[in-house]
Amino acid sequence: MNERNPYDPGAVTILNVDDDEAARYAKGRILRRAGYRVVDAAGGAEALRLAQEVRPQLVLLDVKLPDIDGLEVCRSLKGDQATASTMVLLISAFAVRREDKVSGLELGADGYLVEPVEPDELLATVKALVRLYRSEQQLQLTLNGMRKSEGQLRAILDRAPSAIVIKDRSGRILFMNEQCARVLGVERADVVGGMEGDLYPPAAAEPMRARDERVWETGRLQVAEEQLKQPDGLHTYLSQRFLLRDADERPYALCVIATDITPRRRMEDQLRSFAGQLEQLVDERTQELMQSQERLRALATELNVTEQRERKRLAAELHDHLAQMLVLGRLKLSQTKRIADVPPRCAGLIAQTEDVLDESLRYTRTLVADLSPPVLHDFGLPAAVKWLGEQMGRHGLAVAVSAPDGAWNRLPGDQEMLLFQSVRELLMNAAKHAQCRETTVSLAQRNGELCIQVQDRGVGFDPEALAADGPSMTVASKFGLFSIRERMRALGGSFHLDSGPGQGTTATLTLPLGGKEALSGKALGIELGNEVRHSGALRAVPQRSTLSDSKLHTARIRVLLVDDHAMVRQGLRSVLETYADVEIVGEAADGEEAVAGAERLAPDVVVMDINMPRMNGIQATARMRAEHPQTAVIGLSVNAEGENQEAMRRAGAHVLLTKEAAVDELHRAIQGVLAGK
């Protein structure tokens, strides 16, 4: 059911008390017609009983009653807590004097009417008293709520960990919670109502008072740190000052909430101390890690260098021993073929054996080149990269190399080896993962730096994959790129990758040159005279022969043999001595001996090996052609291709032959050179 409106007359109960039945009926009829619920009583005792039972909002009480006087009933109702709030309207036809009215109102009555009374006056008075009853009830509820809230607020404030004090403009304390009293070491009852300044020394009270005034003047919250001496030492408090305002926004008090932040400050000091220690430890560990990283980088570089040196050593062993022995075997077989009356079956076996030796020599050359390309050590990085570009064709990758043709600053051998190895690894990565068939490599020296760029237009990759485990790159590829980066850092250079899915990859190697002198052809002792610029294999340069045509038929050709392997020299000697027009005038084991022998023996032709200690065949040829231009030079090498051809040509050699071809071609080459053919 819906509750009735409390202002509806039907929701109001009126106790109508009168010993005169007619008068009681008349008043009750007026009230009932107005919509009020009316309960009738004929005497004072009955009225008191019904007031307890029905709890009326208003008692219309006749003054003259037979048992208990109306004034006494009024006193009893107002004196009982259960009925004290009930409105009492006294009415009388006999006690009508002013003194009677005053006496009734002083006893607690809320209104006083004199009979006879008009119905509208009666109803208007009843309505006014009912309104007053409602207002008092509402006020009482509000007061009760406020008392409850105040009690709760006091309980909260008293249990708050912060010290709280409320004071007026003059500094008089209006409220202080238990925590504040404990902090100050006082009893609340002794200080509430007193001046706050009396609780602190003047040196502490004055700044507090100044802060209070700023809050009163500005109306803004003020936060400050304040220190207070306590039995266990100096404490730091974080205080917040703000104004309390009434419903009209007028400030009436100032509240201060002070929180002891001493433990926090001590913890912060400890944290700062710990942070400083930690930072120091981190710096120390970082330095140790950086040193370890540098040591590891240096070790990795040394391992790389050692690997390349070992490759070079193995390549030299293969070239200087195995290849030379194979050449010597080939020479001996070629000599055997020249012996008369060789049975056809033996000739066939000799030819097959020659084929085996030729294939072994080719494989040995390939193995030597893969281990440590001689072109790198003999002619430098640009030539080696060009050779590498040609070799990558075996892996299905066409490499276009762009390198300067002029003077080139030669780097220390170890640096050239590491750079060459890096370029080779980048090209192998492109061949395996780029999914393209063309790559470009450019080398340049500018602004004191060497810059090598390897670029492809393949599928590309996300460079962040280097630092993450993803399917886009294999572990070997990641390690290879990481190894290149560490290798370049150890050399004092840098390695930069620019790539993206579908955008190809550009790898850039940069290395400071360090002010090294350029090692040009002349610095190597190679004179560029008597050059013949052509492509393909080196052929005899048309020159005027140092012998007349008639002398070619009558004089023997003086030949100086130069090779660092005695057995090879012996093999060449045995081949040439079979020709009547050839005289071996001397032998030399290196370039320096060759230059000295040319000066001393004045040979017509020098048969010159390329790879020799102290002074190689290219340098010796350049010296010899500069000092003895009439002496012809025929080069011999296990590897007679590419850069060796070009270098011997530039040095002045007439022709470069492979050692295994010496038996069949050397004598003819000697005759061709001297005949100017």
# chains A, B, ... in the order shown; residues from 1 in each chain; ligands from 1
$ residues_around --residues "Pro56 of chain A" --least-positions-apart "6" --cutoff "7 Å" --atoms "only C-alpha atoms" --output "JSON, numbers by chain"
{"A": [13, 14, 15, 86]}
$ write_last_selection --atoms "N, CA and C atoms" --output "mmCIF file, in the first residue's frame"
data_model
loop_
_atom_site.group_PDB
_atom_site.id
_atom_site.type_symbol
_atom_site.label_atom_id
_atom_site.label_comp_id
_atom_site.auth_asym_id
_atom_site.auth_seq_id
_atom_site.Cartn_x
_atom_site.Cartn_y
_atom_site.Cartn_z
ATOM 1 N N THR A 13 -3.753 12.574 13.420
ATOM 2 C CA THR A 13 -4.674 12.123 14.480
ATOM 3 C C THR A 13 -4.784 13.214 15.538
ATOM 4 N N ILE A 14 -6.007 13.578 15.865
ATOM 5 C CA ILE A 14 -6.249 14.623 16.882
ATOM 6 C C ILE A 14 -7.023 13.989 18.042
ATOM 7 N N LEU A 15 -6.512 14.178 19.233
ATOM 8 C CA LEU A 15 -7.204 13.713 20.450
ATOM 9 C C LEU A 15 -8.074 14.878 20.959
ATOM 10 N N THR A 86 4.077 16.255 21.128
ATOM 11 C CA THR A 86 2.673 16.393 20.727
ATOM 12 C C THR A 86 2.214 17.833 20.938
#
$ residues_around --residues "Ala298 of chain A" --least-positions-apart "3" --cutoff "12 Å" --atoms "only C-alpha atoms" --output "JSON, numbers by chain"
{"A": [290, 291, 292, 293, 294, 295, 301, 302, 303, 304, 305, 306, 483, 486, 487, 488, 489, 490, 491, 492]}
$ write_last_selection --atoms "N, CA and C atoms" --output "compact mmCIF listing (two decimals), in the first residue's frame"
# COMPACT_ATOMS: atom_id res chain seq x y z
N MET A 290 81.27 -3.68 -20.17
CA MET A 290 81.83 -3.03 -21.36
C MET A 290 83.25 -3.53 -21.61
N GLN A 291 84.01 -3.68 -20.50
CA GLN A 291 85.36 -4.20 -20.66
C GLN A 291 85.33 -5.64 -21.16
N SER A 292 84.38 -6.42 -20.57
CA SER A 292 84.25 -7.80 -21.03
C SER A 292 83.83 -7.84 -22.49
N GLN A 293 82.90 -6.92 -22.84
CA GLN A 293 82.45 -6.87 -24.23
C GLN A 293 83.61 -6.52 -25.16
N GLU A 294 84.43 -5.55 -24.71
CA GLU A 294 85.57 -5.18 -25.54
C GLU A 294 86.55 -6.35 -25.65
N ARG A 295 86.76 -7.04 -24.51
CA ARG A 295 87.66 -8.19 -24.56
C ARG A 295 87.10 -9.28 -25.47
N THR A 301 87.55 -10.84 -32.81
CA THR A 301 88.31 -10.33 -33.93
C THR A 301 89.59 -11.13 -34.12
N GLU A 302 90.25 -11.42 -32.99
CA GLU A 302 91.47 -12.20 -33.08
C GLU A 302 91.20 -13.59 -33.63
N LEU A 303 90.05 -14.16 -33.21
CA LEU A 303 89.68 -15.47 -33.75
C LEU A 303 89.44 -15.39 -35.26
N ASN A 304 88.75 -14.30 -35.68
CA ASN A 304 88.54 -14.11 -37.12
C ASN A 304 89.86 -13.97 -37.86
N VAL A 305 90.74 -13.13 -37.26
CA VAL A 305 92.04 -12.92 -37.90
C VAL A 305 92.82 -14.23 -37.94
N THR A 306 92.76 -14.94 -36.81
CA THR A 306 93.47 -16.22 -36.75
C THR A 306 92.93 -17.20 -37.79
N SER A 483 78.05 -11.04 -36.11
CA SER A 483 79.50 -11.17 -36.18
C SER A 483 80.11 -10.05 -37.01
N GLU A 486 80.05 -6.82 -34.87
CA GLU A 486 81.09 -6.82 -33.84
C GLU A 486 82.48 -6.70 -34.48
N ARG A 487 82.67 -7.33 -35.63
CA ARG A 487 83.95 -7.25 -36.34
C ARG A 487 84.25 -5.80 -36.72
N MET A 488 83.24 -5.09 -37.24
CA MET A 488 83.46 -3.69 -37.64
C MET A 488 83.70 -2.80 -36.44
N ARG A 489 82.98 -3.06 -35.34
CA ARG A 489 83.22 -2.26 -34.13
C ARG A 489 84.64 -2.46 -33.62
N ALA A 490 85.10 -3.70 -33.65
CA ALA A 490 86.45 -3.98 -33.19
C ALA A 490 87.49 -3.27 -34.06
N LEU A 491 87.19 -3.09 -35.34
CA LEU A 491 88.11 -2.39 -36.24
C LEU A 491 88.01 -0.87 -36.09
N GLY A 492 87.04 -0.41 -35.29
CA GLY A 492 86.84 1.03 -35.15
C GLY A 492 85.87 1.60 -36.16
$ closest_residue --among "A:Lys229, A:Arg188, A:Arg250, A:Arg154" --to "Ile173 of chain A" --atoms "only C-alpha atoms"
A:Arg188
$ closest_residue --among "A:Gly571, A:Ala555, A:Val606, A:Ala22" --to "Thr631 of chain A" --atoms "only C-alpha atoms"
A:Val606
$ closest_residue --among "A:Gln415, A:Thr440, A:Gln230, A:Ser494" --to "Val399 of chain A" --atoms "only C-alpha atoms"
A:Thr440
